[in-house]
Every structure is written in structure tokens, then in C-alpha cells.
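Trainee: The following file, final16.cif, comprises mmCIF, N, CA and C atoms:
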data_structure
#
loop_
_atom_site.group_PDB
_atom_site.id
_atom_site.type_symbol
_atom_site.label_atom_id
_atom_site.label_comp_id
_atom_site.auth_asym_id
_atom_site.auth_seq_id
_atom_site.Cartn_x
_atom_site.Cartn_y
_atom_site.Cartn_z
ATOM 1 N N MET F 1 12.319 4.743 -5.005
ATOM 2 C CA MET F 1 11.334 5.807 -4.944
ATOM 3 C C MET F 1 10.019 5.298 -5.527
ATOM 4 N N SER F 2 8.926 5.606 -4.881
ATOM 5 C CA SER F 2 7.621 5.155 -5.375
ATOM 6 C C SER F 2 7.205 5.972 -6.588
ATOM 7 N N ASP F 3 6.390 5.365 -7.426
ATOM 8 C CA ASP F 3 5.904 6.022 -8.638
ATOM 9 C C ASP F 3 4.635 6.795 -8.352
ATOM 10 N N TRP F 4 4.371 7.776 -9.205
ATOM 11 C CA TRP F 4 3.109 8.494 -9.150
ATOM 12 C C TRP F 4 2.027 7.595 -9.726
ATOM 13 N N VAL F 5 0.867 7.560 -9.080
ATOM 14 C CA VAL F 5 -0.262 6.750 -9.519
ATOM 15 C C VAL F 5 -1.346 7.683 -10.038
ATOM 16 N N ASP F 6 -1.778 7.440 -11.271
ATOM 17 C CA ASP F 6 -2.849 8.223 -11.884
ATOM 18 C C ASP F 6 -4.171 7.791 -11.244
ATOM 19 N N VAL F 7 -4.890 8.750 -10.675
ATOM 20 C CA VAL F 7 -6.097 8.437 -9.905
ATOM 21 C C VAL F 7 -7.379 8.713 -10.683
ATOM 22 N N VAL F 8 -7.530 9.943 -11.149
ATOM 23 C CA VAL F 8 -8.804 10.360 -11.726
ATOM 24 C C VAL F 8 -8.601 11.671 -12.481
ATOM 25 N N ALA F 9 -9.516 11.978 -13.387
ATOM 26 C CA ALA F 9 -9.490 13.281 -14.044
ATOM 27 C C ALA F 9 -9.809 14.360 -13.014
ATOM 28 N N GLU F 10 -9.124 15.466 -13.109
ATOM 29 C CA GLU F 10 -9.320 16.580 -12.176
ATOM 30 C C GLU F 10 -10.781 17.030 -12.147
ATOM 31 N N SER F 11 -11.457 16.952 -13.270
ATOM 32 C CA SER F 11 -12.841 17.420 -13.374
ATOM 33 C C SER F 11 -13.877 16.368 -12.963
ATOM 34 N N ALA F 12 -13.450 15.161 -12.637
ATOM 35 C CA ALA F 12 -14.386 14.067 -12.351
ATOM 36 C C ALA F 12 -15.023 14.147 -10.974
ATOM 37 N N LEU F 13 -14.378 14.838 -10.039
ATOM 38 C CA LEU F 13 -14.901 14.929 -8.673
ATOM 39 C C LEU F 13 -15.408 16.329 -8.383
ATOM 40 N N SER F 14 -16.489 16.396 -7.625
ATOM 41 C CA SER F 14 -16.995 17.671 -7.120
ATOM 42 C C SER F 14 -16.435 17.889 -5.718
ATOM 43 N N VAL F 15 -16.490 19.118 -5.259
ATOM 44 C CA VAL F 15 -16.027 19.431 -3.903
ATOM 45 C C VAL F 15 -16.790 18.566 -2.905
ATOM 46 N N GLY F 16 -16.049 17.941 -1.991
ATOM 47 C CA GLY F 16 -16.638 17.077 -0.976
ATOM 48 C C GLY F 16 -16.674 15.611 -1.370
ATOM 49 N N GLU F 17 -16.338 15.299 -2.609
ATOM 50 C CA GLU F 17 -16.317 13.906 -3.054
ATOM 51 C C GLU F 17 -14.918 13.316 -2.902
ATOM 52 N N HIS F 18 -14.876 11.990 -2.953
ATOM 53 C CA HIS F 18 -13.589 11.300 -2.868
ATOM 54 C C HIS F 18 -13.610 10.076 -3.767
ATOM 55 N N VAL F 19 -12.441 9.533 -4.001
ATOM 56 C CA VAL F 19 -12.285 8.292 -4.744
ATOM 57 C C VAL F 19 -11.218 7.468 -4.021
ATOM 58 N N LEU F 20 -11.374 6.146 -4.066
ATOM 59 C CA LEU F 20 -10.390 5.256 -3.449
ATOM 60 C C LEU F 20 -9.470 4.691 -4.522
ATOM 61 N N VAL F 21 -8.212 4.520 -4.175
ATOM 62 C CA VAL F 21 -7.220 4.000 -5.110
ATOM 63 C C VAL F 21 -6.167 3.204 -4.336
ATOM 64 N N ASP F 22 -5.632 2.193 -4.983
ATOM 65 C CA ASP F 22 -4.535 1.425 -4.400
ATOM 66 C C ASP F 22 -3.226 2.088 -4.815
ATOM 67 N N VAL F 23 -2.410 2.453 -3.838
ATOM 68 C CA VAL F 23 -1.104 3.057 -4.092
ATOM 69 C C VAL F 23 -0.055 2.177 -3.431
ATOM 70 N N ASP F 24 0.665 1.434 -4.233
ATOM 71 C CA ASP F 24 1.706 0.536 -3.718
ATOM 72 C C ASP F 24 1.180 -0.403 -2.637
ATOM 73 N N GLY F 25 -0.038 -0.926 -2.837
ATOM 74 C CA GLY F 25 -0.618 -1.864 -1.886
ATOM 75 C C GLY F 25 -1.320 -1.231 -0.702
ATOM 76 N N VAL F 26 -1.435 0.089 -0.697
ATOM 77 C CA VAL F 26 -2.088 0.816 0.391
ATOM 78 C C VAL F 26 -3.374 1.446 -0.149
ATOM 79 N N GLU F 27 -4.497 1.232 0.530
ATOM 80 C CA GLU F 27 -5.759 1.854 0.129
ATOM 81 C C GLU F 27 -5.714 3.329 0.520
ATOM 82 N N VAL F 28 -5.952 4.199 -0.452
ATOM 83 C CA VAL F 28 -5.829 5.640 -0.253
ATOM 84 C C VAL F 28 -7.121 6.319 -0.695
ATOM 85 N N ALA F 29 -7.573 7.282 0.104
ATOM 86 C CA ALA F 29 -8.735 8.102 -0.245
ATOM 87 C C ALA F 29 -8.227 9.449 -0.743
ATOM 88 N N VAL F 30 -8.675 9.832 -1.939
ATOM 89 C CA VAL F 30 -8.300 11.125 -2.518
ATOM 90 C C VAL F 30 -9.545 12.005 -2.486
ATOM 91 N N PHE F 31 -9.450 13.109 -1.768
ATOM 92 C CA PHE F 31 -10.573 14.019 -1.540
ATOM 93 C C PHE F 31 -10.403 15.294 -2.353
ATOM 94 N N LYS F 32 -11.528 15.834 -2.815
ATOM 95 C CA LYS F 32 -11.505 17.157 -3.433
ATOM 96 C C LYS F 32 -12.154 18.134 -2.466
ATOM 97 N N LEU F 33 -11.383 19.132 -2.055
ATOM 98 C CA LEU F 33 -11.886 20.212 -1.209
ATOM 99 C C LEU F 33 -11.941 21.489 -2.046
ATOM 100 N N GLU F 34 -12.432 22.552 -1.463
ATOM 101 C CA GLU F 34 -12.539 23.834 -2.170
ATOM 102 C C GLU F 34 -11.222 24.270 -2.787
ATOM 103 N N ASP F 35 -10.117 24.031 -2.083
ATOM 104 C CA ASP F 35 -8.820 24.537 -2.542
ATOM 105 C C ASP F 35 -7.916 23.486 -3.170
ATOM 106 N N GLY F 36 -8.433 22.299 -3.473
ATOM 107 C CA GLY F 36 -7.597 21.319 -4.159
ATOM 108 C C GLY F 36 -7.861 19.895 -3.729
ATOM 109 N N PHE F 37 -6.916 19.033 -4.077
ATOM 110 C CA PHE F 37 -7.016 17.609 -3.810
ATOM 111 C C PHE F 37 -6.046 17.206 -2.706
ATOM 112 N N TYR F 38 -6.477 16.242 -1.884
ATOM 113 C CA TYR F 38 -5.676 15.755 -0.767
ATOM 114 C C TYR F 38 -5.850 14.245 -0.672
ATOM 115 N N ALA F 39 -4.812 13.568 -0.214
ATOM 116 C CA ALA F 39 -4.857 12.108 -0.138
ATOM 117 C C ALA F 39 -4.428 11.628 1.238
ATOM 118 N N LEU F 40 -5.229 10.721 1.792
ATOM 119 C CA LEU F 40 -4.948 10.118 3.093
ATOM 120 C C LEU F 40 -5.040 8.607 2.970
ATOM 121 N N GLU F 41 -4.225 7.918 3.751
ATOM 122 C CA GLU F 41 -4.399 6.479 3.842
ATOM 123 C C GLU F 41 -5.809 6.230 4.385
ATOM 124 N N ASP F 42 -6.505 5.268 3.817
ATOM 125 C CA ASP F 42 -7.904 5.020 4.195
ATOM 126 C C ASP F 42 -7.970 4.122 5.418
ATOM 127 N N VAL F 43 -7.520 4.667 6.559
ATOM 128 C CA VAL F 43 -7.541 3.900 7.805
ATOM 129 C C VAL F 43 -7.636 4.859 8.991
ATOM 130 N N CYS F 44 -8.549 4.568 9.888
ATOM 131 C CA CYS F 44 -8.630 5.322 11.134
ATOM 132 C C CYS F 44 -7.573 4.765 12.076
ATOM 133 N N THR F 45 -6.769 5.625 12.639
ATOM 134 C CA THR F 45 -5.696 5.168 13.524
ATOM 135 C C THR F 45 -6.210 4.713 14.881
ATOM 136 N N HIS F 46 -7.475 4.906 15.150
ATOM 137 C CA HIS F 46 -8.052 4.451 16.413
ATOM 138 C C HIS F 46 -8.237 2.938 16.422
ATOM 139 N N ASP F 47 -8.844 2.405 15.337
ATOM 140 C CA ASP F 47 -9.102 0.964 15.355
ATOM 141 C C ASP F 47 -8.843 0.259 14.029
ATOM 142 N N GLY F 48 -8.253 0.956 13.067
ATOM 143 C CA GLY F 48 -7.889 0.335 11.805
ATOM 144 C C GLY F 48 -9.007 0.243 10.786
ATOM 145 N N ALA F 49 -10.176 0.777 11.088
ATOM 146 C CA ALA F 49 -11.296 0.747 10.146
ATOM 147 C C ALA F 49 -11.074 1.767 9.034
ATOM 148 N N GLU F 50 -11.820 1.600 7.943
ATOM 149 C CA GLU F 50 -11.718 2.575 6.854
ATOM 150 C C GLU F 50 -12.269 3.918 7.325
ATOM 151 N N ILE F 51 -11.799 4.987 6.699
ATOM 152 C CA ILE F 51 -12.209 6.324 7.110
ATOM 153 C C ILE F 51 -12.984 7.067 6.020
ATOM 154 N N ALA F 52 -12.810 6.661 4.762
ATOM 155 C CA ALA F 52 -13.312 7.437 3.630
ATOM 156 C C ALA F 52 -14.829 7.592 3.601
ATOM 157 N N SER F 53 -15.571 6.663 4.174
ATOM 158 C CA SER F 53 -17.029 6.783 4.142
ATOM 159 C C SER F 53 -17.565 7.701 5.231
ATOM 160 N N GLY F 54 -16.682 8.281 6.031
ATOM 161 C CA GLY F 54 -17.105 9.208 7.070
ATOM 162 C C GLY F 54 -17.607 10.508 6.479
ATOM 163 N N SER F 55 -18.260 11.297 7.301
ATOM 164 C CA SER F 55 -18.769 12.580 6.825
ATOM 165 C C SER F 55 -17.652 13.620 6.818
ATOM 166 N N ILE F 56 -17.810 14.586 5.934
ATOM 167 C CA ILE F 56 -16.834 15.674 5.807
ATOM 168 C C ILE F 56 -17.476 16.941 6.327
ATOM 169 N N GLU F 57 -16.774 17.607 7.250
ATOM 170 C CA GLU F 57 -17.203 18.905 7.774
ATOM 171 C C GLU F 57 -16.018 19.841 7.668
ATOM 172 N N ASP F 58 -16.205 20.928 6.920
ATOM 173 C CA ASP F 58 -15.104 21.851 6.634
ATOM 174 C C ASP F 58 -13.974 21.047 5.997
ATOM 175 N N ASN F 59 -12.818 21.016 6.606
ATOM 176 C CA ASN F 59 -11.674 20.275 6.069
ATOM 177 C C ASN F 59 -11.383 19.031 6.900
ATOM 178 N N GLN F 60 -12.408 18.501 7.562
ATOM 179 C CA GLN F 60 -12.225 17.339 8.433
ATOM 180 C C GLN F 60 -13.005 16.138 7.925
ATOM 181 N N ILE F 61 -12.430 14.958 8.128
ATOM 182 C CA ILE F 61 -13.140 13.707 7.899
ATOM 183 C C ILE F 61 -13.436 13.123 9.274
ATOM 184 N N ILE F 62 -14.668 12.668 9.461
ATOM 185 C CA ILE F 62 -15.088 12.126 10.752
ATOM 186 C C ILE F 62 -15.267 10.624 10.600
ATOM 187 N N CYS F 63 -14.580 9.866 11.426
ATOM 188 C CA CYS F 63 -14.624 8.416 11.347
ATOM 189 C C CYS F 63 -16.063 7.931 11.522
ATOM 190 N N PRO F 64 -16.533 7.080 10.601
ATOM 191 C CA PRO F 64 -17.916 6.610 10.694
ATOM 192 C C PRO F 64 -18.166 5.643 11.854
ATOM 193 N N ARG F 65 -17.123 5.095 12.447
ATOM 194 C CA ARG F 65 -17.315 4.129 13.530
ATOM 195 C C ARG F 65 -17.371 4.777 14.910
ATOM 196 N N HIS F 66 -16.376 5.592 15.233
ATOM 197 C CA HIS F 66 -16.307 6.114 16.607
ATOM 198 C C HIS F 66 -16.167 7.628 16.695
ATOM 199 N N GLY F 67 -16.221 8.327 15.552
ATOM 200 C CA GLY F 67 -16.281 9.779 15.590
ATOM 201 C C GLY F 67 -14.983 10.541 15.720
ATOM 202 N N ALA F 68 -13.838 9.880 15.588
ATOM 203 C CA ALA F 68 -12.573 10.631 15.611
ATOM 204 C C ALA F 68 -12.545 11.585 14.418
ATOM 205 N N HIS F 69 -11.950 12.763 14.608
ATOM 206 C CA HIS F 69 -11.849 13.764 13.547
ATOM 207 C C HIS F 69 -10.396 13.862 13.095
ATOM 208 N N PHE F 70 -10.209 13.990 11.769
ATOM 209 C CA PHE F 70 -8.876 14.144 11.195
ATOM 210 C C PHE F 70 -8.908 15.272 10.166
ATOM 211 N N CYS F 71 -7.819 16.017 10.065
ATOM 212 C CA CYS F 71 -7.681 17.047 9.044
ATOM 213 C C CYS F 71 -7.416 16.361 7.704
ATOM 214 N N ILE F 72 -8.246 16.618 6.710
ATOM 215 C CA ILE F 72 -8.055 16.008 5.395
ATOM 216 C C ILE F 72 -6.777 16.522 4.745
ATOM 217 N N LYS F 73 -6.403 17.759 5.008
ATOM 218 C CA LYS F 73 -5.230 18.348 4.362
ATOM 219 C C LYS F 73 -3.913 17.781 4.883
ATOM 220 N N THR F 74 -3.877 17.386 6.154
ATOM 221 C CA THR F 74 -2.609 16.955 6.751
ATOM 222 C C THR F 74 -2.639 15.562 7.359
ATOM 223 N N GLY F 75 -3.826 15.036 7.623
ATOM 224 C CA GLY F 75 -3.955 13.756 8.315
ATOM 225 C C GLY F 75 -3.895 13.886 9.824
ATOM 226 N N GLU F 76 -3.713 15.106 10.320
ATOM 227 C CA GLU F 76 -3.589 15.331 11.764
ATOM 228 C C GLU F 76 -4.869 14.935 12.488
ATOM 229 N N VAL F 77 -4.708 14.198 13.597
ATOM 230 C CA VAL F 77 -5.851 13.849 14.428
ATOM 231 C C VAL F 77 -6.288 15.101 15.186
ATOM 232 N N LEU F 78 -7.601 15.342 15.216
ATOM 233 C CA LEU F 78 -8.120 16.549 15.839
ATOM 234 C C LEU F 78 -8.930 16.277 17.090
ATOM 235 N N CYS F 79 -9.413 15.036 17.265
ATOM 236 C CA CYS F 79 -10.095 14.702 18.512
ATOM 237 C C CYS F 79 -10.147 13.193 18.705
ATOM 238 N N ALA F 80 -10.277 12.815 19.955
ATOM 239 C CA ALA F 80 -10.342 11.406 20.362
ATOM 240 C C ALA F 80 -11.599 10.767 19.787
ATOM 241 N N PRO F 81 -11.627 9.459 19.684
ATOM 242 C CA PRO F 81 -10.781 8.504 20.381
ATOM 243 C C PRO F 81 -9.448 8.184 19.699
ATOM 244 N N ALA F 82 -9.154 8.760 18.552
ATOM 245 C CA ALA F 82 -7.846 8.529 17.921
ATOM 246 C C ALA F 82 -6.815 9.484 18.525
ATOM 247 N N TYR F 83 -5.560 9.035 18.551
ATOM 248 C CA TYR F 83 -4.472 9.865 19.075
ATOM 249 C C TYR F 83 -3.284 9.929 18.128
ATOM 250 N N GLU F 84 -3.338 9.184 17.023
ATOM 251 C CA GLU F 84 -2.262 9.201 16.038
ATOM 252 C C GLU F 84 -2.799 9.728 14.714
ATOM 253 N N ASP F 85 -1.952 10.475 14.004
ATOM 254 C CA ASP F 85 -2.320 11.033 12.716
ATOM 255 C C ASP F 85 -2.471 9.930 11.669
ATOM 256 N N ILE F 86 -3.217 10.228 10.607
ATOM 257 C CA ILE F 86 -3.316 9.362 9.432
ATOM 258 C C ILE F 86 -2.233 9.812 8.453
ATOM 259 N N ALA F 87 -1.620 8.862 7.756
ATOM 260 C CA ALA F 87 -0.605 9.200 6.762
ATOM 261 C C ALA F 87 -1.230 10.020 5.629
ATOM 262 N N SER F 88 -0.557 11.112 5.283
ATOM 263 C CA SER F 88 -0.963 11.974 4.180
ATOM 264 C C SER F 88 -0.004 11.727 3.023
ATOM 265 N N LEU F 89 -0.531 11.622 1.805
ATOM 266 C CA LEU F 89 0.290 11.342 0.635
ATOM 267 C C LEU F 89 0.404 12.575 -0.247
ATOM 268 N N GLU F 90 1.454 12.598 -1.058
ATOM 269 C CA GLU F 90 1.669 13.689 -2.001
ATOM 270 C C GLU F 90 0.634 13.623 -3.115
ATOM 271 N N VAL F 91 0.183 14.796 -3.570
ATOM 272 C CA VAL F 91 -0.771 14.904 -4.668
ATOM 273 C C VAL F 91 -0.254 15.959 -5.639
ATOM 274 N N LYS F 92 -0.413 15.677 -6.932
ATOM 275 C CA LYS F 92 -0.119 16.696 -7.936
ATOM 276 C C LYS F 92 -1.108 16.554 -9.080
ATOM 277 N N ILE F 93 -1.262 17.649 -9.824
ATOM 278 C CA ILE F 93 -2.125 17.663 -10.997
ATOM 279 C C ILE F 93 -1.218 17.809 -12.213
ATOM 280 N N THR F 94 -1.375 16.887 -13.167
ATOM 281 C CA THR F 94 -0.605 16.936 -14.403
ATOM 282 C C THR F 94 -1.543 16.684 -15.576
ATOM 283 N N ALA F 95 -1.576 17.631 -16.505
ATOM 284 C CA ALA F 95 -2.396 17.511 -17.710
ATOM 285 C C ALA F 95 -3.854 17.148 -17.380
ATOM 286 N N GLY F 96 -4.391 17.779 -16.332
ATOM 287 C CA GLY F 96 -5.783 17.552 -15.965
ATOM 288 C C GLY F 96 -6.053 16.256 -15.226
ATOM 289 N N ARG F 97 -5.009 15.560 -14.812
ATOM 290 C CA ARG F 97 -5.137 14.296 -14.086
ATOM 291 C C ARG F 97 -4.611 14.468 -12.664
ATOM 292 N N VAL F 98 -5.274 13.817 -11.694
ATOM 293 C CA VAL F 98 -4.841 13.825 -10.297
ATOM 294 C C VAL F 98 -3.940 12.611 -10.095
ATOM 295 N N LEU F 99 -2.744 12.851 -9.576
ATOM 296 C CA LEU F 99 -1.794 11.776 -9.304
ATOM 297 C C LEU F 99 -1.404 11.810 -7.833
ATOM 298 N N VAL F 100 -1.167 10.645 -7.244
ATOM 299 C CA VAL F 100 -0.727 10.556 -5.850
ATOM 300 C C VAL F 100 0.510 9.665 -5.763
ATOM 301 N N ARG F 101 1.262 9.866 -4.680
ATOM 302 C CA ARG F 101 2.488 9.107 -4.469
ATOM 303 C C ARG F 101 2.702 8.914 -2.980
ATOM 304 N N ASP F 102 3.078 7.718 -2.598
ATOM 305 C CA ASP F 102 3.380 7.407 -1.210
ATOM 306 C C ASP F 102 4.895 7.366 -1.054
ATOM 307 N N SER F 103 5.446 8.434 -0.536
ATOM 308 C CA SER F 103 6.913 8.539 -0.429
ATOM 309 C C SER F 103 7.423 8.179 0.970
ATOM 310 N N ARG F 104 6.574 7.593 1.810
ATOM 311 C CA ARG F 104 6.999 7.279 3.179
ATOM 312 C C ARG F 104 8.172 6.324 3.235
ATOM 313 N N TRP F 105 8.311 5.456 2.274
ATOM 314 C CA TRP F 105 9.350 4.423 2.349
ATOM 315 C C TRP F 105 10.515 4.681 1.403
ATOM 316 N N ASP F 106 10.533 5.859 0.768
ATOM 317 C CA ASP F 106 11.639 6.196 -0.155
ATOM 318 C C ASP F 106 12.929 6.419 0.597
#
If you convert what's in this file into C-alpha cells, what do you get?
Mentor:
Amino acid sequence: MSDWVDVVAESALSVGEHVLVDVDGVEVAVFKLEDGFYALEDVCTHDGAEIASGSIEDNQIICPRHGAHFCIKTGEVLCAPAYEDIASLEVKITAGRVLVRDSRWD
């Protein structure tokens, strides 16, 4: 089972901001939205480029290279040119700290 990785203080990010973290060798973007924190693998499934520097509209991240849209909360692809979802990771808050875990291989 993968371990929880301590990412950042809950109060360190404002809504719409993100931070990158390595989780078991995988680059992960942790986003703060109005209703909480969400974590996605930092890769666009269209061409393998990073996704975290894309713009955020509502609860979507837009790929900075080709404009694919993904739901930040679930990783679901919402429009082409991507057709596969981005992996979404577990997030929890403990003692004011944001922690993430990649349980895909457990």
C-alpha cells in the first residue's frame, strides 16, 4: 500500500492555486478549489505534456498545449483532443496539512 505524502499546509494555497509534488515517482498537481483540494497526475493524456500550468475555469483544467479540458475533481476528460481521463489521487486533510496518496497500484 502506498504511503500518504505530506504536500502543503492547508492554508498555504488560495482558491485556484496549485502545487506540484512527487508521489511515489509520479508528478502530481494538487489544486485548491472552492470546495476543497484535489490531486491529478500532472500529465495530459493527449500527448503526455504537463497539465498543471493550464488555465482553470470553474472546476476544469485546460491543457496549455492543445486545449483539452479535464475535470479537476475526477480527472475525467471533458473535450478533445484528449480521450482518456487523467489519474485522480486520494486527498485528505490532517492537522491542517494536505496529504495525497496514489493507491492505483495497491
Trainee: Using only N, CA and C atoms, find all polymer residues with an atom at most 7 Å away from the point (-13.1, 5.1, 8.7); report them as number ranges by chain.
Mentor: F: 42-44, 48-54, 62-65
Trainee: State, in Å with one decimal place, the distance from atom CA of F:Leu13 to atom CA of F:His66.
Mentor: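 Distance reported for this atom pair: 26.8 Å.
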Trainee: Check stretch 16-104 of chain F with DSSP on the backbone and list each residue it calls strand (DSSP E or B), as a PyMOL selection string.
Mentor: chain F and resi 18-23+26-33+36-41+55-57+60-62+69-71+77-79+88-94+97-101
Trainee: When you count all atoms listed in the file, which of these residues is closest to F:Lys92: F:Glu57, F:Phe37, F:Glu17, F:Lys32?
Mentor: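 Going through F:Glu57, F:Phe37, F:Glu17, F:Lys32 one by one, the smallest distance to F:Lys92 is for F:Phe37.
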Trainee: Just give me the gap between atom CA of F:Asp102 and atom CA of F:Asp58 in Å, one decimal is fine.
Mentor: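 Calculated distance between atom CA of F:Asp102 and atom CA of F:Asp58 is 24.7 Å.
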Trainee: Selection in question (the file shown): the PyMOL selection byres ((chain F and resi 24) around 8). Which residues does it include, as a list in words?
Mentor: Ser2, Asp3, Val5, Val21, Asp22, Val23, Gly25, Val26, Glu27, Arg101 and Asp102 of chain F
Trainee: Counting all atoms listed in the file, write as a list in words all protein and nucleic acid residues lying at most 8 Å from (-8.9, 8.9, -9.3) in the file's frame.
Mentor: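 Output: Val5, Asp6, Val7, Val8, Ala9, Glu10, His18, Val19, Leu20, Val21, Val30, Arg97, Val98 and Leu99 of chain F.
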Trainee: At what distance in Å, to one decimal, does atom CA of F:Glu34 lie from atom CA of F:Glu84?
Mentor: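 Value for the atom CA of F:Glu84-atom CA of F:Glu34 distance: 25.5 Å.
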Trainee: Around all the atoms of stretch 77-81 of chain F listed in the file, with 8 Å of room on each side, what axis-aligned box do you get, giving centre and edge lengths in Å to one decimal, as lines of an AutoDock Vina configuration file?
Mentor:
center_x = -8.2
center_y = 12.4
center_z = 17.0
size_x = 22.9
size_y = 24.4
size_z = 22.8
